[in-house]
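Following: one structure in structure tokens, then a few remarks.
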Amino acid sequence: MVKTVHIVMQGKGGAGKSLTSSMLVQYLNYADYNVHAIDLDPTTPTLSAIAALNALPIQIMDGDDINPRFFDDLMTRIFEVGEDTHTVIDTGTSSFIATCSYLAENIAFELMQEAGIQVYIHCPVCGGAALDDTLNSLLSILDHFASVPVVVWVNEFFGPVAKNGRSFADSTIYEDNTDRIAAVMMHPKVQAGTFGEDIRAMMQAKLTFAEAIQSSEFNVMARQRLKIYWTKAIDRLDNAAFLAPAELETAE
């Protein structure tokens with residue numbers, strides 16, 4: 001199999017970007033993939049804060065701009081990892097525009113693809129007050145990176161990801177980009193005071209799902225809810241098309 005890069009991007013904070021990144025790394029480790037995790041978030045380095053994920057923090061910002069030499073080092077790391085490795089990159093919300101600009105100006109995704117590296121952009125979108133902002137970030141990604149398949153993570157924690165009564169799967173954005181969207185994954189709506197609070201506490205404690213489920217710091221029902229959520233996440237990722245590119249090619 002080839003090297004694969006999963007880069008998680010979203011310009012709106014609080015949309016579930018760090019949860020998406022950490023779940024990807026946790027699942028890939030659980031499924032015995034070779035995983036290389038990188039944290040580019042300069043303000044809230046969540047991925048590298050979870051010790052069990054062994055994520056490498058890389059500072060790519062110099063003030064408000066990307067230092068191209070730092071980003072060049074990141075690209076070198078991507079090329080130098082072993083074959084059959086999944087590299088998961090959590091990008092910063094505050095550096096979203098600068099990161100997009102660097103990747104577009106340097107035709108970085110095309111460079112990776114030409115080298116035989118499979119690339120996916122993962123973009124969470126969430127309901128509630130941030131719906132339009134997160135959809136605009138998704139549209140920006142689809143517009144700037146026409147050659148890169150996108151995995152959309154629908155996060156219903158703050159409400160349905162829907163406009164005018166139409167779900168994301170029925171939206172104009174989806175209909176206009178079906179050839180670009182590799183998969184639509186779900187962060188299902190959960191009760192904020194139970195499941196939501198348990199996940200928040202887990203992230204705040206800098207633990208993985210497996211660690212929190214075994215931790216005495218969480219009561220028996222909190223551990224049960226985390227186990228339920230994580231089991232469902234595993235099931236969804238077990239069936240994720242973007243983790244089986246060879247099978248997709250055969251089907252075509």
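In the structure tokens, chains take letters A, B, ... by order of appearance, with residues numbered from 1 within each chain and ligands from 1 in the order shown.
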
Cut-off 10 Å: closest range 116-200 of chain A/range 81-87 of chain A atom pairs per residue, using only C-alpha atoms, as a Markdown table:
```
| residue | atom | partner | partner_atom | distance |
| --- | --- | --- | --- | --- |
| A:Ile117 | CA | A:Glu83 | CA | 9.5 |
| A:Gln118 | CA | A:His86 | CA | 9.3 |
| A:Val119 | CA | A:Thr87 | CA | 9.5 |
```

What would the file look like if the residues just selected were written as a PDB file, in the first residue's frame with N, CA and C atoms?
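The new file again-v5.pdb reads:
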```
ATOM      1  N   ILE A 117       1.647   9.515  -3.168  1.00  0.00           N
ATOM      2  CA  ILE A 117       1.069   9.624  -1.836  1.00  0.00           C
ATOM      3  C   ILE A 117      -0.425   9.927  -1.962  1.00  0.00           C
ATOM      4  N   GLN A 118      -1.254   9.121  -1.296  1.00  0.00           N
ATOM      5  CA  GLN A 118      -2.694   9.378  -1.275  1.00  0.00           C
ATOM      6  C   GLN A 118      -2.984  10.462  -0.250  1.00  0.00           C
ATOM      7  N   VAL A 119      -3.724  11.489  -0.651  1.00  0.00           N
ATOM      8  CA  VAL A 119      -3.999  12.622   0.233  1.00  0.00           C
ATOM      9  C   VAL A 119      -5.505  12.789   0.407  1.00  0.00           C
TER      10      VAL A 119
END
```

Query - Backbone-only DSSP, strand (DSSP E) members of range 31-150 of chain A, as a list in words - result: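 Going through range 31-150 of chain A, the strand (DSSP E) residues come out as Asn34, Val35, His36, Ala37, Ile38, Asp39, Leu56, Pro57, Met61, Asp62, Asp65, Ile66, Thr85, His86, Thr87, Val88, Ile89, Asp90, Gln118, Val119, Tyr120, Ile121, His122, Cys123, Pro124, Val125, Cys126 and Val150 of chain A.
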
Requested in this report: Report as a list in words: the residues of range 4-55 of chain A with a DSSP assignment of helix (DSSP H, G or I), based on the backbone of this structure.
Outcome: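 Reading the DSSP output for range 4-55 of chain A, helix (DSSP H, G or I) covers Lys17, Ser18, Leu19, Thr20, Ser21, Ser22, Met23, Leu24, Val25, Gln26, Tyr27, Leu28, Asn29, Tyr30, Thr46, Leu47, Ser48, Ala49, Ala51, Ala52 and Leu53 of chain A.
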
Print the selection's residues with N, CA and C atoms to a file, as an mmCIF file, in the first residue's frame.
```cif
data_model
loop_
_atom_site.group_PDB
_atom_site.id
_atom_site.type_symbol
_atom_site.label_atom_id
_atom_site.label_comp_id
_atom_site.auth_asym_id
_atom_site.auth_seq_id
_atom_site.Cartn_x
_atom_site.Cartn_y
_atom_site.Cartn_z
ATOM 1 N N LYS A 17 -12.602 19.924 15.109
ATOM 2 C CA LYS A 17 -11.397 19.579 14.355
ATOM 3 C C LYS A 17 -10.439 18.715 15.168
ATOM 4 N N SER A 18 -10.163 19.111 16.400
ATOM 5 C CA SER A 18 -9.215 18.361 17.217
ATOM 6 C C SER A 18 -9.768 16.985 17.596
ATOM 7 N N LEU A 19 -11.080 16.911 17.863
ATOM 8 C CA LEU A 19 -11.692 15.609 18.136
ATOM 9 C C LEU A 19 -11.582 14.706 16.915
ATOM 10 N N THR A 20 -11.828 15.262 15.732
ATOM 11 C CA THR A 20 -11.706 14.484 14.495
ATOM 12 C C THR A 20 -10.285 13.970 14.322
ATOM 13 N N SER A 21 -9.292 14.844 14.522
ATOM 14 C CA SER A 21 -7.894 14.445 14.371
ATOM 15 C C SER A 21 -7.533 13.333 15.354
ATOM 16 N N SER A 22 -7.909 13.527 16.623
ATOM 17 C CA SER A 22 -7.532 12.539 17.636
ATOM 18 C C SER A 22 -8.234 11.209 17.401
ATOM 19 N N MET A 23 -9.493 11.247 16.950
ATOM 20 C CA MET A 23 -10.199 10.004 16.671
ATOM 21 C C MET A 23 -9.564 9.257 15.506
ATOM 22 N N LEU A 24 -9.119 9.998 14.495
ATOM 23 C CA LEU A 24 -8.438 9.355 13.370
ATOM 24 C C LEU A 24 -7.174 8.633 13.837
ATOM 25 N N VAL A 25 -6.357 9.331 14.625
ATOM 26 C CA VAL A 25 -5.115 8.723 15.109
ATOM 27 C C VAL A 25 -5.428 7.532 16.008
ATOM 28 N N GLN A 26 -6.394 7.683 16.896
ATOM 29 C CA GLN A 26 -6.748 6.586 17.804
ATOM 30 C C GLN A 26 -7.243 5.370 17.037
ATOM 31 N N TYR A 27 -8.086 5.603 16.030
ATOM 32 C CA TYR A 27 -8.599 4.466 15.264
ATOM 33 C C TYR A 27 -7.478 3.780 14.480
ATOM 34 N N LEU A 28 -6.631 4.562 13.825
ATOM 35 C CA LEU A 28 -5.550 3.975 13.038
ATOM 36 C C LEU A 28 -4.616 3.155 13.922
ATOM 37 N N ASN A 29 -4.345 3.638 15.140
ATOM 38 C CA ASN A 29 -3.554 2.848 16.090
ATOM 39 C C ASN A 29 -4.296 1.579 16.492
ATOM 40 N N TYR A 30 -5.582 1.717 16.793
ATOM 41 C CA TYR A 30 -6.414 0.575 17.181
ATOM 42 C C TYR A 30 -6.423 -0.498 16.094
ATOM 43 N N THR A 46 -3.893 20.447 20.751
ATOM 44 C CA THR A 46 -4.609 19.359 21.408
ATOM 45 C C THR A 46 -4.009 18.000 21.090
ATOM 46 N N LEU A 47 -3.702 17.756 19.829
ATOM 47 C CA LEU A 47 -3.247 16.425 19.417
ATOM 48 C C LEU A 47 -1.961 16.038 20.125
ATOM 49 N N SER A 48 -0.996 16.943 20.160
ATOM 50 C CA SER A 48 0.281 16.625 20.795
ATOM 51 C C SER A 48 0.183 16.611 22.311
ATOM 52 N N ALA A 49 -0.898 17.179 22.875
ATOM 53 C CA ALA A 49 -1.081 17.176 24.322
ATOM 54 C C ALA A 49 -1.515 15.803 24.838
ATOM 55 N N ALA A 51 -0.609 12.429 25.275
ATOM 56 C CA ALA A 51 0.693 11.755 25.219
ATOM 57 C C ALA A 51 0.640 10.424 24.477
ATOM 58 N N ALA A 52 -0.429 9.677 24.649
ATOM 59 C CA ALA A 52 -0.522 8.337 24.056
ATOM 60 C C ALA A 52 -0.536 8.364 22.527
ATOM 61 N N LEU A 53 -0.830 9.515 21.941
ATOM 62 C CA LEU A 53 -0.884 9.598 20.478
ATOM 63 C C LEU A 53 0.482 9.839 19.859
#
```

Could you give me, as an mmCIF file with N, CA and C atoms, in the first residue's frame, the residues within 7 Å of range 153-164 of chain A, counting only C-alpha atoms and dropping anything in the same chain fewer than 4 positions from it?
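Result file selection.cif:
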```cif
data_model
loop_
_atom_site.group_PDB
_atom_site.id
_atom_site.type_symbol
_atom_site.label_atom_id
_atom_site.label_comp_id
_atom_site.auth_asym_id
_atom_site.auth_seq_id
_atom_site.Cartn_x
_atom_site.Cartn_y
_atom_site.Cartn_z
ATOM 1 N N GLY A 16 -15.022 20.834 16.017
ATOM 2 C CA GLY A 16 -14.703 19.426 16.220
ATOM 3 C C GLY A 16 -13.456 18.969 15.499
ATOM 4 N N CYS A 123 -12.604 17.729 6.740
ATOM 5 C CA CYS A 123 -13.172 19.014 7.145
ATOM 6 C C CYS A 123 -14.443 18.788 7.958
ATOM 7 N N PRO A 124 -14.415 19.090 9.265
ATOM 8 C CA PRO A 124 -15.647 19.014 10.058
ATOM 9 C C PRO A 124 -16.549 20.211 9.785
ATOM 10 N N VAL A 125 -17.850 19.956 9.725
ATOM 11 C CA VAL A 125 -18.842 21.033 9.659
ATOM 12 C C VAL A 125 -19.840 20.792 10.789
ATOM 13 N N CYS A 126 -20.287 21.850 11.426
ATOM 14 C CA CYS A 126 -21.164 21.666 12.584
ATOM 15 C C CYS A 126 -22.421 22.509 12.463
ATOM 16 N N GLY A 127 -23.459 22.059 13.177
ATOM 17 C CA GLY A 127 -24.724 22.770 13.177
ATOM 18 C C GLY A 127 -24.698 23.941 14.135
ATOM 19 N N GLY A 128 -25.855 24.543 14.315
ATOM 20 C CA GLY A 128 -25.947 25.680 15.223
ATOM 21 C C GLY A 128 -25.438 26.962 14.607
ATOM 22 N N LEU A 131 -22.790 27.015 11.654
ATOM 23 C CA LEU A 131 -23.045 26.250 10.431
ATOM 24 C C LEU A 131 -22.520 26.957 9.188
ATOM 25 N N PHE A 168 -27.094 17.674 5.094
ATOM 26 C CA PHE A 168 -25.900 17.888 4.269
ATOM 27 C C PHE A 168 -25.909 16.974 3.053
ATOM 28 N N VAL A 184 -18.757 10.948 3.811
ATOM 29 C CA VAL A 184 -19.388 11.805 4.819
ATOM 30 C C VAL A 184 -19.453 10.990 6.103
ATOM 31 N N MET A 185 -18.690 11.431 7.097
ATOM 32 C CA MET A 185 -18.640 10.753 8.383
ATOM 33 C C MET A 185 -19.485 11.530 9.392
ATOM 34 N N MET A 186 -19.871 10.861 10.450
ATOM 35 C CA MET A 186 -20.769 11.480 11.422
ATOM 36 C C MET A 186 -20.139 11.584 12.807
ATOM 37 N N HIS A 187 -20.220 12.795 13.383
ATOM 38 C CA HIS A 187 -20.085 12.965 14.827
ATOM 39 C C HIS A 187 -21.523 13.138 15.316
ATOM 40 N N PRO A 188 -22.172 12.075 15.761
ATOM 41 C CA PRO A 188 -23.610 12.169 16.026
ATOM 42 C C PRO A 188 -23.937 13.108 17.179
ATOM 43 N N LYS A 189 -25.167 13.610 17.152
ATOM 44 C CA LYS A 189 -25.644 14.468 18.224
ATOM 45 C C LYS A 189 -25.745 13.651 19.508
ATOM 46 N N VAL A 190 -25.198 14.186 20.590
ATOM 47 C CA VAL A 190 -25.264 13.520 21.884
ATOM 48 C C VAL A 190 -25.750 14.517 22.929
#
```

Query raised in the report: Near Ala222 in chain A, counting only C-alpha atoms, which residues have an atom at most 12 Å away, once you skip same-chain residues fewer than 6 positions from it, shown as JSON, numbers by chain?
Result: {"A": [193, 194, 195, 196, 197, 198, 199, 200, 201, 202, 209, 212, 213, 214, 215, 216, 228, 229]}

Report task. Would you mind telling me which residue in A:Leu226, A:Ala192, A:Leu138, A:Ala37 lies nearest to Thr208 in chain A when using only C-alpha atoms? Result ->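 Residue with the minimum atom-to-atom distance to Thr208 in chain A: A:Leu226.
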
What are the closest atom pairs, with distances in Å to one decimal, for each residue of range 119-199 of chain A lying within 12 Å of range 90-99 of chain A, using only C-alpha atoms, rows by chain and rising residue number, as a Markdown table?
```
| residue | atom | partner | partner_atom | distance |
| --- | --- | --- | --- | --- |
| A:Ile121 | CA | A:Asp90 | CA | 10.5 |
| A:His122 | CA | A:Asp90 | CA | 9.6 |
| A:Cys123 | CA | A:Asp90 | CA | 10.7 |
| A:Pro124 | CA | A:Thr93 | CA | 11.7 |
| A:Thr134 | CA | A:Thr93 | CA | 11.1 |
| A:Ser137 | CA | A:Phe96 | CA | 8.9 |
| A:Leu138 | CA | A:Phe96 | CA | 11.5 |
| A:Ser140 | CA | A:Ile97 | CA | 9.6 |
| A:Ile141 | CA | A:Phe96 | CA | 10.1 |
| A:His144 | CA | A:Ile97 | CA | 11.0 |
```

Query raised in the report: In Å, how far is it from CA of Tyr120 in chain A to CA of Met203 in chain A?
Result: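 Taking CA of Tyr120 in chain A and CA of Met203 in chain A, their separation equals 24.3 Å.
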
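Using only C-alpha atoms, the protein and nucleic acid residues lying no more than 10 Å from Ile66 in chain A, apart from those fewer than 2 places from it along its own chain, are Gln59, Ile60, Met61, Asp62, Gly63, Asp64, Pro68, Arg69, Phe70, Phe71, Ser95, Ile97, Ala98, Thr99, Ser101 and Tyr102 of chain A.
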
Query raised in the report: What is the CA of Asn54 in chain A-CA of Arg225 in chain A distance in Å, reported with one decimal?
Result: 25.3 Å

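Taking CA of Leu40 in chain A and CA of Pro57 in chain A as endpoints, the distance between them is 6.1 Å.
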
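Counting only C-alpha atoms, Asp143 in chain A has the following residues at most 12 Å away, ignoring those fewer than 5 positions along the same chain: Cys100, Ala104, Asn136, Ser137, Leu138, Val148, Pro149, Val150, Ile173, Asp176, Asn177 and Arg180 of chain A.
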